[in-house]
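**Student:** One file is attached below, input_14.cif, containing mmCIF, C-alpha atoms, pLDDT in the B column; chains and numbers go by the auth columns.
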data_coords
loop_
_atom_site.group_PDB
_atom_site.id
_atom_site.type_symbol
_atom_site.label_atom_id
_atom_site.label_comp_id
_atom_site.label_asym_id
_atom_site.label_seq_id
_atom_site.Cartn_x
_atom_site.Cartn_y
_atom_site.Cartn_z
_atom_site.B_iso_or_equiv
_atom_site.auth_seq_id
_atom_site.auth_asym_id
ATOM 1 C CA MET A 1 63.967 41.908 -21.020 66.00 535 A
ATOM 2 C CA LYS A 2 63.776 40.953 -24.663 75.00 536 A
ATOM 3 C CA ASN A 3 61.589 38.170 -25.839 81.00 537 A
ATOM 4 C CA GLU A 4 64.478 35.907 -26.913 82.00 538 A
ATOM 5 C CA GLU A 5 66.249 36.272 -23.579 82.00 539 A
ATOM 6 C CA TYR A 6 63.035 35.445 -21.831 82.00 540 A
ATOM 7 C CA GLN A 7 62.605 32.316 -23.930 82.00 541 A
ATOM 8 C CA LYS A 8 66.172 31.287 -23.020 81.00 542 A
ATOM 9 C CA LEU A 9 65.458 31.768 -19.332 78.00 543 A
ATOM 10 C CA VAL A 10 62.252 29.750 -19.612 77.00 544 A
ATOM 11 C CA LYS A 11 64.146 26.964 -21.316 75.00 545 A
ATOM 12 C CA LYS A 12 66.823 27.028 -18.624 74.00 546 A
ATOM 13 C CA TYR A 13 64.440 26.681 -15.729 76.00 547 A
ATOM 14 C CA THR A 14 61.925 24.300 -17.269 72.00 548 A
ATOM 15 C CA PRO A 15 62.569 20.938 -15.608 67.00 549 A
ATOM 16 C CA LYS A 16 63.768 18.360 -18.096 66.00 550 A
ATOM 17 C CA GLU A 17 61.551 15.332 -18.349 69.00 551 A
ATOM 18 C CA SER A 18 62.804 12.053 -19.634 82.00 552 A
ATOM 19 C CA ARG A 19 60.249 10.479 -21.936 85.00 553 A
ATOM 20 C CA LEU A 20 61.633 7.013 -21.278 89.00 554 A
ATOM 21 C CA PHE A 21 61.253 7.472 -17.521 90.00 555 A
ATOM 22 C CA ASN A 22 57.691 8.813 -17.946 89.00 556 A
ATOM 23 C CA GLY A 23 56.798 5.839 -20.115 91.00 557 A
ATOM 24 C CA ILE A 24 58.158 3.295 -17.650 92.00 558 A
ATOM 25 C CA VAL A 25 56.378 4.952 -14.717 91.00 559 A
ATOM 26 C CA ALA A 26 53.082 5.067 -16.637 91.00 560 A
ATOM 27 C CA PHE A 27 53.471 1.400 -17.619 92.00 561 A
ATOM 28 C CA ILE A 28 54.141 0.231 -14.060 93.00 562 A
ATOM 29 C CA ILE A 29 51.469 2.365 -12.340 93.00 563 A
ATOM 30 C CA GLY A 30 48.858 1.494 -14.962 92.00 564 A
ATOM 31 C CA GLY A 31 49.770 -2.167 -14.682 93.00 565 A
ATOM 32 C CA ILE A 32 49.434 -2.089 -10.907 93.00 566 A
ATOM 33 C CA ILE A 33 45.943 -0.591 -11.191 93.00 567 A
ATOM 34 C CA GLY A 34 45.041 -3.303 -13.705 93.00 568 A
ATOM 35 C CA VAL A 35 46.229 -6.002 -11.279 94.00 569 A
ATOM 36 C CA LEU A 36 44.273 -4.294 -8.467 93.00 570 A
ATOM 37 C CA GLY A 37 41.155 -4.402 -10.660 93.00 571 A
ATOM 38 C CA GLN A 38 41.586 -8.102 -11.358 93.00 572 A
ATOM 39 C CA PHE A 39 42.249 -8.783 -7.670 93.00 573 A
ATOM 40 C CA LEU A 40 39.075 -6.902 -6.655 94.00 574 A
ATOM 41 C CA ILE A 41 37.013 -8.850 -9.206 94.00 575 A
ATOM 42 C CA GLU A 42 38.211 -12.182 -7.829 93.00 576 A
ATOM 43 C CA PHE A 43 37.817 -10.968 -4.246 94.00 577 A
ATOM 44 C CA TYR A 44 34.210 -9.846 -4.774 94.00 578 A
ATOM 45 C CA SER A 45 33.147 -12.881 -6.786 93.00 579 A
ATOM 46 C CA LYS A 46 34.605 -15.178 -4.111 91.00 580 A
ATOM 47 C CA TYR A 47 33.367 -13.510 -0.917 92.00 581 A
ATOM 48 C CA LEU A 48 30.096 -11.945 -2.077 91.00 582 A
ATOM 49 C CA GLU A 49 29.300 -14.978 -4.267 89.00 583 A
ATOM 50 C CA ILE A 50 28.269 -12.986 -7.331 91.00 584 A
ATOM 51 C CA SER A 51 29.029 -13.479 -11.021 91.00 585 A
ATOM 52 C CA THR A 52 32.215 -12.118 -12.567 88.00 586 A
ATOM 53 C CA LYS A 53 30.226 -9.524 -14.504 88.00 587 A
ATOM 54 C CA ASP A 54 28.634 -8.101 -11.342 89.00 588 A
ATOM 55 C CA ALA A 55 31.992 -8.216 -9.605 92.00 589 A
ATOM 56 C CA GLY A 56 33.382 -6.058 -12.451 90.00 590 A
ATOM 57 C CA THR A 57 30.723 -3.428 -11.721 91.00 591 A
ATOM 58 C CA PHE A 58 31.569 -3.545 -8.012 92.00 592 A
ATOM 59 C CA MET A 59 35.253 -3.186 -8.868 93.00 593 A
ATOM 60 C CA ILE A 60 34.601 -0.060 -10.959 93.00 594 A
ATOM 61 C CA ILE A 61 32.549 1.520 -8.147 93.00 595 A
ATOM 62 C CA THR A 62 35.321 0.719 -5.648 94.00 596 A
ATOM 63 C CA LEU A 63 38.025 2.273 -7.837 93.00 597 A
ATOM 64 C CA ILE A 64 35.889 5.376 -8.417 94.00 598 A
ATOM 65 C CA PHE A 65 35.341 5.721 -4.657 94.00 599 A
ATOM 66 C CA ILE A 66 39.072 5.340 -3.940 93.00 600 A
ATOM 67 C CA GLY A 67 39.906 7.892 -6.645 92.00 601 A
ATOM 68 C CA CYS A 68 37.382 10.417 -5.292 93.00 602 A
ATOM 69 C CA LEU A 69 38.468 9.983 -1.679 92.00 603 A
ATOM 70 C CA LEU A 70 42.181 10.344 -2.463 92.00 604 A
ATOM 71 C CA THR A 71 41.408 13.479 -4.521 91.00 605 A
ATOM 72 C CA CYS A 72 39.595 14.948 -1.488 92.00 606 A
ATOM 73 C CA PHE A 73 42.610 14.312 0.729 91.00 607 A
ATOM 74 C CA GLY A 74 44.842 15.991 -1.846 87.00 608 A
ATOM 75 C CA PHE A 75 47.147 13.059 -2.596 87.00 609 A
ATOM 76 C CA PHE A 76 45.852 12.319 -6.050 89.00 610 A
ATOM 77 C CA ASP A 77 46.931 15.580 -7.718 88.00 611 A
ATOM 78 C CA LYS A 78 50.563 14.996 -6.745 89.00 612 A
ATOM 79 C CA TRP A 79 50.423 11.396 -7.927 90.00 613 A
ATOM 80 C CA VAL A 80 48.889 12.416 -11.275 88.00 614 A
ATOM 81 C CA ASN A 81 51.740 14.896 -11.762 89.00 615 A
ATOM 82 C CA PHE A 82 54.170 12.042 -11.219 88.00 616 A
ATOM 83 C CA ALA A 83 52.494 9.122 -12.993 87.00 617 A
ATOM 84 C CA LYS A 84 50.501 11.098 -15.627 84.00 618 A
ATOM 85 C CA ALA A 85 48.975 8.620 -18.088 87.00 619 A
ATOM 86 C CA GLY A 86 49.372 5.799 -15.555 88.00 620 A
ATOM 87 C CA LEU A 87 46.622 7.379 -13.467 90.00 621 A
ATOM 88 C CA PHE A 88 44.373 9.296 -15.852 90.00 622 A
ATOM 89 C CA ILE A 89 43.851 6.506 -18.403 92.00 623 A
ATOM 90 C CA PRO A 90 42.327 4.109 -15.810 92.00 624 A
ATOM 91 C CA ILE A 91 38.814 4.809 -14.484 92.00 625 A
ATOM 92 C CA THR A 92 40.400 6.608 -11.510 91.00 626 A
ATOM 93 C CA GLY A 93 41.206 9.499 -13.863 90.00 627 A
ATOM 94 C CA PHE A 94 37.516 9.807 -14.728 91.00 628 A
ATOM 95 C CA ALA A 95 36.637 9.979 -11.017 92.00 629 A
ATOM 96 C CA HIS A 96 39.489 12.399 -10.351 91.00 630 A
ATOM 97 C CA SER A 97 38.376 14.815 -13.087 92.00 631 A
ATOM 98 C CA MET A 98 34.811 14.955 -11.718 92.00 632 A
ATOM 99 C CA MET A 99 35.867 15.230 -8.094 92.00 633 A
ATOM 100 C CA SER A 100 38.449 17.963 -8.646 91.00 634 A
ATOM 101 C CA ALA A 101 36.022 19.970 -10.817 91.00 635 A
ATOM 102 C CA ALA A 102 33.360 19.699 -8.099 91.00 636 A
ATOM 103 C CA LEU A 103 35.842 20.817 -5.419 91.00 637 A
ATOM 104 C CA ASP A 104 37.291 23.666 -7.494 90.00 638 A
ATOM 105 C CA TYR A 105 33.916 25.219 -8.309 91.00 639 A
ATOM 106 C CA LYS A 106 32.395 24.634 -4.875 89.00 640 A
ATOM 107 C CA LYS A 107 32.872 28.280 -3.870 90.00 641 A
ATOM 108 C CA GLU A 108 30.569 29.425 -6.709 91.00 642 A
ATOM 109 C CA GLY A 109 27.597 27.748 -5.090 89.00 643 A
ATOM 110 C CA LEU A 110 25.683 24.500 -5.290 89.00 644 A
ATOM 111 C CA VAL A 111 23.829 24.980 -8.580 91.00 645 A
ATOM 112 C CA THR A 112 26.068 27.323 -10.562 91.00 646 A
ATOM 113 C CA GLY A 113 29.238 25.823 -9.122 89.00 647 A
ATOM 114 C CA ILE A 114 29.070 22.097 -8.399 90.00 648 A
ATOM 115 C CA GLY A 115 26.046 21.311 -10.545 91.00 649 A
ATOM 116 C CA ALA A 116 27.098 23.221 -13.622 91.00 650 A
ATOM 117 C CA SER A 117 30.792 22.405 -13.574 90.00 651 A
ATOM 118 C CA MET A 118 31.093 18.843 -12.311 90.00 652 A
ATOM 119 C CA LEU A 119 30.970 17.336 -15.798 90.00 653 A
ATOM 120 C CA LYS A 120 33.213 20.008 -17.327 88.00 654 A
ATOM 121 C CA LEU A 121 36.150 17.633 -17.835 87.00 655 A
ATOM 122 C CA ALA A 122 34.404 14.263 -17.715 90.00 656 A
ATOM 123 C CA GLY A 123 31.681 15.464 -20.078 91.00 657 A
ATOM 124 C CA SER A 124 33.933 15.176 -23.137 91.00 658 A
ATOM 125 C CA VAL A 125 34.536 11.502 -22.324 91.00 659 A
ATOM 126 C CA ILE A 126 30.784 10.822 -22.097 92.00 660 A
ATOM 127 C CA ILE A 127 29.909 12.840 -25.221 93.00 661 A
ATOM 128 C CA PHE A 128 32.572 11.310 -27.439 93.00 662 A
ATOM 129 C CA GLY A 129 31.871 7.862 -26.028 92.00 663 A
ATOM 130 C CA VAL A 130 28.168 8.117 -26.842 93.00 664 A
ATOM 131 C CA VAL A 131 28.709 9.601 -30.311 94.00 665 A
ATOM 132 C CA SER A 132 31.338 7.047 -31.283 93.00 666 A
ATOM 133 C CA ALA A 133 29.318 4.158 -29.810 91.00 667 A
ATOM 134 C CA TYR A 134 26.292 5.294 -31.826 92.00 668 A
ATOM 135 C CA VAL A 135 28.220 5.550 -35.101 92.00 669 A
ATOM 136 C CA PHE A 136 30.101 2.268 -34.601 91.00 670 A
ATOM 137 C CA GLY A 137 26.911 0.609 -33.338 89.00 671 A
ATOM 138 C CA ILE A 138 25.124 1.409 -36.601 89.00 672 A
ATOM 139 C CA ILE A 139 28.133 0.160 -38.574 89.00 673 A
ATOM 140 C CA ARG A 140 28.152 -3.086 -36.647 87.00 674 A
ATOM 141 C CA LEU A 141 24.397 -3.530 -37.024 87.00 675 A
ATOM 142 C CA LEU A 142 24.700 -3.109 -40.781 86.00 676 A
ATOM 143 C CA LEU A 143 27.799 -5.286 -41.177 85.00 677 A
ATOM 144 C CA PHE A 144 27.352 -8.066 -38.637 79.00 678 A
ATOM 145 C CA GLY A 145 23.655 -7.893 -37.687 72.00 679 A
ATOM 146 C CA GLY A 146 24.285 -6.934 -34.054 59.00 680 A
ATOM 147 C CA ASN A 147 24.926 -10.429 -32.684 65.00 681 A
ATOM 148 C CA ILE A 148 27.238 -10.287 -29.709 57.00 682 A
ATOM 149 C CA MET B 1 48.657 -15.929 -14.962 83.00 6 B
ATOM 150 C CA ILE B 2 45.698 -13.606 -15.534 89.00 7 B
ATOM 151 C CA TYR B 3 47.342 -11.145 -13.130 92.00 8 B
ATOM 152 C CA LEU B 4 50.365 -10.916 -15.432 93.00 9 B
ATOM 153 C CA ASN B 5 48.065 -10.435 -18.437 93.00 10 B
ATOM 154 C CA ALA B 6 46.167 -7.707 -16.560 93.00 11 B
ATOM 155 C CA PHE B 7 49.452 -5.966 -15.676 94.00 12 B
ATOM 156 C CA ILE B 8 50.718 -6.091 -19.253 93.00 13 B
ATOM 157 C CA PHE B 9 47.461 -4.972 -20.865 93.00 14 B
ATOM 158 C CA ALA B 10 46.668 -2.068 -18.513 93.00 15 B
ATOM 159 C CA GLY B 11 50.326 -1.027 -18.528 93.00 16 B
ATOM 160 C CA THR B 12 50.511 -1.037 -22.313 93.00 17 B
ATOM 161 C CA ILE B 13 47.378 1.123 -22.656 93.00 18 B
ATOM 162 C CA CYS B 14 48.846 3.639 -20.191 92.00 19 B
ATOM 163 C CA LEU B 15 52.206 3.532 -21.995 92.00 20 B
ATOM 164 C CA ILE B 16 50.517 4.366 -25.321 93.00 21 B
ATOM 165 C CA GLY B 17 48.707 7.262 -23.634 92.00 22 B
ATOM 166 C CA GLN B 18 51.959 8.537 -22.134 92.00 23 B
ATOM 167 C CA ILE B 19 53.748 8.367 -25.493 92.00 24 B
ATOM 168 C CA ILE B 20 50.950 10.383 -27.126 92.00 25 B
ATOM 169 C CA LEU B 21 51.045 12.897 -24.234 91.00 26 B
ATOM 170 C CA ASP B 22 54.814 13.380 -24.451 90.00 27 B
ATOM 171 C CA ASN B 23 55.160 13.626 -28.211 90.00 28 B
ATOM 172 C CA THR B 24 52.127 15.659 -29.262 90.00 29 B
ATOM 173 C CA LYS B 25 50.315 18.761 -28.021 91.00 30 B
ATOM 174 C CA LEU B 26 47.219 16.792 -27.000 90.00 31 B
ATOM 175 C CA THR B 27 46.126 17.211 -23.375 89.00 32 B
ATOM 176 C CA ALA B 28 44.879 14.574 -20.947 88.00 33 B
ATOM 177 C CA GLY B 29 41.274 15.356 -21.907 89.00 34 B
ATOM 178 C CA HIS B 30 41.994 14.768 -25.597 92.00 35 B
ATOM 179 C CA ILE B 31 43.666 11.447 -24.878 92.00 36 B
ATOM 180 C CA THR B 32 40.877 10.059 -22.674 92.00 37 B
ATOM 181 C CA SER B 33 38.262 11.061 -25.284 93.00 38 B
ATOM 182 C CA LEU B 34 40.365 9.470 -28.002 93.00 39 B
ATOM 183 C CA PHE B 35 40.760 6.244 -26.026 94.00 40 B
ATOM 184 C CA VAL B 36 37.007 5.941 -25.467 93.00 41 B
ATOM 185 C CA CYS B 37 36.521 6.184 -29.243 93.00 42 B
ATOM 186 C CA VAL B 38 39.260 3.575 -29.767 93.00 43 B
ATOM 187 C CA GLY B 39 37.531 1.238 -27.295 92.00 44 B
ATOM 188 C CA ALA B 40 34.218 1.596 -29.141 91.00 45 B
ATOM 189 C CA PHE B 41 35.983 1.069 -32.475 91.00 46 B
ATOM 190 C CA LEU B 42 37.723 -2.114 -31.292 91.00 47 B
ATOM 191 C CA ASP B 43 34.416 -3.512 -30.079 87.00 48 B
ATOM 192 C CA THR B 44 32.864 -2.988 -33.513 86.00 49 B
ATOM 193 C CA PHE B 45 34.878 -6.017 -34.644 85.00 50 B
ATOM 194 C CA SER B 46 34.558 -7.914 -31.313 86.00 51 B
ATOM 195 C CA ILE B 47 38.272 -7.410 -30.639 90.00 52 B
ATOM 196 C CA TYR B 48 37.858 -5.900 -27.194 91.00 53 B
ATOM 197 C CA ASP B 49 35.824 -8.890 -25.958 90.00 54 B
ATOM 198 C CA LYS B 50 38.880 -11.043 -26.551 91.00 55 B
ATOM 199 C CA PHE B 51 41.020 -8.602 -24.574 92.00 56 B
ATOM 200 C CA VAL B 52 38.531 -8.818 -21.671 91.00 57 B
ATOM 201 C CA LEU B 53 38.722 -12.613 -21.739 91.00 58 B
ATOM 202 C CA TRP B 54 42.523 -12.486 -21.908 92.00 59 B
ATOM 203 C CA ALA B 55 43.284 -9.769 -19.346 91.00 60 B
ATOM 204 C CA GLY B 56 40.173 -9.765 -17.108 87.00 61 B
ATOM 205 C CA GLY B 57 40.154 -6.747 -14.836 88.00 62 B
ATOM 206 C CA GLY B 58 43.185 -5.326 -16.613 91.00 63 B
ATOM 207 C CA ALA B 59 41.001 -4.688 -19.664 92.00 64 B
ATOM 208 C CA LEU B 60 38.069 -3.297 -17.645 92.00 65 B
ATOM 209 C CA VAL B 61 40.091 -0.706 -15.720 93.00 66 B
ATOM 210 C CA PRO B 62 41.376 1.543 -18.572 93.00 67 B
ATOM 211 C CA ILE B 63 38.967 4.122 -20.013 92.00 68 B
ATOM 212 C CA THR B 64 38.802 2.131 -23.293 92.00 69 B
ATOM 213 C CA SER B 65 36.435 -0.285 -21.532 92.00 70 B
ATOM 214 C CA PHE B 66 33.980 2.625 -21.209 91.00 71 B
ATOM 215 C CA GLY B 67 33.533 2.747 -24.981 91.00 72 B
ATOM 216 C CA HIS B 68 33.385 -1.038 -25.058 91.00 73 B
ATOM 217 C CA LEU B 69 30.569 -1.130 -22.478 91.00 74 B
ATOM 218 C CA LEU B 70 28.644 1.693 -24.194 92.00 75 B
ATOM 219 C CA ILE B 71 28.512 -0.124 -27.516 90.00 76 B
ATOM 220 C CA HIS B 72 27.865 -3.474 -25.820 89.00 77 B
ATOM 221 C CA GLY B 73 24.761 -2.235 -23.997 89.00 78 B
ATOM 222 C CA ALA B 74 23.533 -0.453 -27.125 89.00 79 B
ATOM 223 C CA LEU B 75 23.851 -3.583 -29.266 88.00 80 B
ATOM 224 C CA GLN B 76 22.169 -5.827 -26.679 88.00 81 B
ATOM 225 C CA LYS B 77 19.049 -3.645 -26.792 89.00 82 B
ATOM 226 C CA ALA B 78 19.353 -3.187 -30.559 87.00 83 B
ATOM 227 C CA ASN B 79 19.077 -6.950 -30.946 87.00 84 B
ATOM 228 C CA GLU B 80 15.637 -6.850 -29.346 87.00 85 B
ATOM 229 C CA PHE B 81 14.144 -3.525 -30.404 87.00 86 B
ATOM 230 C CA GLY B 82 16.032 -2.545 -33.548 81.00 87 B
ATOM 231 C CA LEU B 83 17.386 0.941 -34.150 83.00 88 B
ATOM 232 C CA ILE B 84 15.562 2.541 -31.202 88.00 89 B
ATOM 233 C CA GLY B 85 17.237 0.017 -28.889 86.00 90 B
ATOM 234 C CA LEU B 86 20.572 1.519 -29.911 88.00 91 B
ATOM 235 C CA LEU B 87 19.466 4.713 -28.154 90.00 92 B
ATOM 236 C CA SER B 88 17.709 3.220 -25.134 91.00 93 B
ATOM 237 C CA GLY B 89 20.391 0.685 -24.255 88.00 94 B
ATOM 238 C CA MET B 90 23.437 2.915 -24.602 90.00 95 B
ATOM 239 C CA PHE B 91 23.892 3.541 -20.858 91.00 96 B
ATOM 240 C CA ASP B 92 22.700 0.121 -19.655 90.00 97 B
ATOM 241 C CA LEU B 93 26.121 -1.135 -18.599 89.00 98 B
ATOM 242 C CA THR B 94 28.002 2.128 -17.969 91.00 99 B
ATOM 243 C CA ALA B 95 25.246 3.737 -15.870 92.00 100 B
ATOM 244 C CA THR B 96 26.637 2.303 -12.613 91.00 101 B
ATOM 245 C CA GLY B 97 30.027 3.905 -13.234 90.00 102 B
ATOM 246 C CA ILE B 98 28.701 7.314 -14.259 92.00 103 B
ATOM 247 C CA ILE B 99 25.960 7.521 -11.628 94.00 104 B
ATOM 248 C CA SER B 100 28.201 6.339 -8.798 93.00 105 B
ATOM 249 C CA ALA B 101 30.888 8.842 -9.826 93.00 106 B
ATOM 250 C CA ILE B 102 28.313 11.664 -9.815 93.00 107 B
ATOM 251 C CA ILE B 103 26.813 10.685 -6.457 94.00 108 B
ATOM 252 C CA ILE B 104 30.125 10.026 -4.711 94.00 109 B
ATOM 253 C CA SER B 105 31.762 13.216 -5.942 92.00 110 B
ATOM 254 C CA PHE B 106 28.666 15.313 -5.106 93.00 111 B
ATOM 255 C CA PHE B 107 28.454 14.199 -1.496 93.00 112 B
ATOM 256 C CA LEU B 108 32.208 14.247 -0.956 93.00 113 B
ATOM 257 C CA SER B 109 32.387 17.778 -2.394 92.00 114 B
ATOM 258 C CA LEU B 110 29.854 18.876 0.241 91.00 115 B
ATOM 259 C CA ILE B 111 32.088 17.482 2.991 91.00 116 B
ATOM 260 C CA PHE B 112 35.590 18.370 1.804 89.00 117 B
ATOM 261 C CA ASN B 113 37.153 21.668 0.806 86.00 118 B
ATOM 262 C CA PRO B 114 39.741 22.022 -1.985 82.00 119 B
ATOM 263 C CA LYS B 115 43.341 21.726 -0.816 74.00 120 B
ATOM 264 C CA ASP B 116 45.773 24.131 -2.417 65.00 121 B
#
Could I get this structure in the form of structure tokens?

**Tutor:**
Amino acid sequence: MKNEEYQKLVKKYTPKESRLFNGIVAFIIGGIIGVLGQFLIEFYSKYLEISTKDAGTFMIITLIFIGCLLTCFGFFDKWVNFAKAGLFIPITGFAHSMMSAALDYKKEGLVTGIGASMLKLAGSVIIFGVVSAYVFGIIRLLLFGGNI
Amino acid sequence: MIYLNAFIFAGTICLIGQIILDNTKLTAGHITSLFVCVGAFLDTFSIYDKFVLWAGGGALVPITSFGHLLIHGALQKANEFGLIGLLSGMFDLTATGIISAIIISFFLSLIFNPKD
């Protein structure tokens, strides 16, 4: 088969994705997770009687736990394929990337597999976050004196 | 009312990410890294604090809040100890998220096997 024919076949069988539909799905799913976060904050601050800031920390831990557990059961990969940005932009995506990397490399052993590869995907988030926070932190210290 | 704000804010962030994903060659990893940088950038001018007040949990859930918390912890320590505080305080507020993600995914990966 020639290359051009092959390209035509690929084009024919690639499922067509509507960008509008993807955008709407991402908006709704992301919004629902945002509402869930706000609900958890109010729930924790009301029933555990802690400040809103501590409740925010609890909320993040809860969402990470839910994301990890659903990845283990295998639901999360299908949902990410459907909702895309709606699920990997929230903190659940961070948990999902670590959990799936840990599961995928489990067969290579504890140290060389899980230990070495867990931060393979999430590492870029941490590295770029730290570097950008350092650069912008210096800028803010010089410009505004660091008052928060 | 804050629930509606949370829905709109978190939804809009995800919508922007989806538009970037659909129209460029950037992958999910690129976009999350980019959004962390954007969150840190917005906090340089105290913009993200206003979003947190306006949208509550809706502004804390997207990955942009990670950059916001990194720079916030760094600046809190920098106020007390100067430039070295920028280094020591960087993970003050985000540590719970990172550490809990590491611990949870380590122990769950011992229990579960990958499903394919």

**Student:** Would you translate the PyMOL selection byres ((chain A) within 7 of (chain B)) into the concrete set of residues it matches in this file, as a PyMOL selection string?

**Tutor:** chain A and resi 553+557+560-562+564-566+568-569+571-572+575+594-595+598-599+602+606+608+619-620+623-625+629+632-633+636-638+655+658-659+662-664+666-667+670-671+674+680

**Student:** Find the distance between CA of Asn556 in chain A and CA of His630 in chain A and write it in Å to one decimal.

**Tutor:**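 For CA of Asn556 in chain A relative to CA of His630 in chain A, the distance reads 20.0 Å.
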
**Student:** Of the residues A:Val544, A:Leu677, A:Val559, A:Val669, which is the one nearest to Val614 in chain A, using all atoms listed in the file?

**Tutor:**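 Of A:Val544, A:Leu677, A:Val559, A:Val669, the one nearest Val614 in chain A, counting all atoms listed in the file, is A:Val559.
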
**Student:** Quote the spacing between CA of Phe622 in chain A and CA of Thr32 in chain B in Å to one decimal place.

**Tutor:**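 Separation between CA of Phe622 in chain A and CA of Thr32 in chain B: 11.1 Å.
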
**Student:** Report, in Å with one decimal, the straight-line distance from CA of Lys587 in chain A to CA of Leu574 in chain A.

**Tutor:**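 Between CA of Lys587 in chain A and CA of Leu574 in chain A the gap works out to 12.1 Å.
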
**Student:** Residues picked by the PyMOL selection byres ((chain A and resi 652) around 7) here, as a list of chain:residue names?

**Tutor:** A:Met632, A:Ala635, A:Ala636, A:Ile648, A:Gly649, A:Ala650, A:Ser651, A:Leu653, A:Lys654

**Student:** Within 6 Å of (35.8, 10.5, -16.2) in the file's own coordinates, which protein, DNA or RNA residues have an atom, counting all atoms listed in the file? List them as an MDAnalysis selection string.

**Tutor:** chainID A and resid 627:629 631 656

**Student:** As AutoDock Vina command-line options, please: the centre and edge lengths in Å, to one decimal, of an axis-aligned box enclosing every listed atom of range 101-104 of chain B with 4 Å added on each side.

**Tutor:**
--center_x 28.0 --center_y 4.9 --center_z -12.9 --size_x 12.1 --size_y 13.2 --size_z 10.6
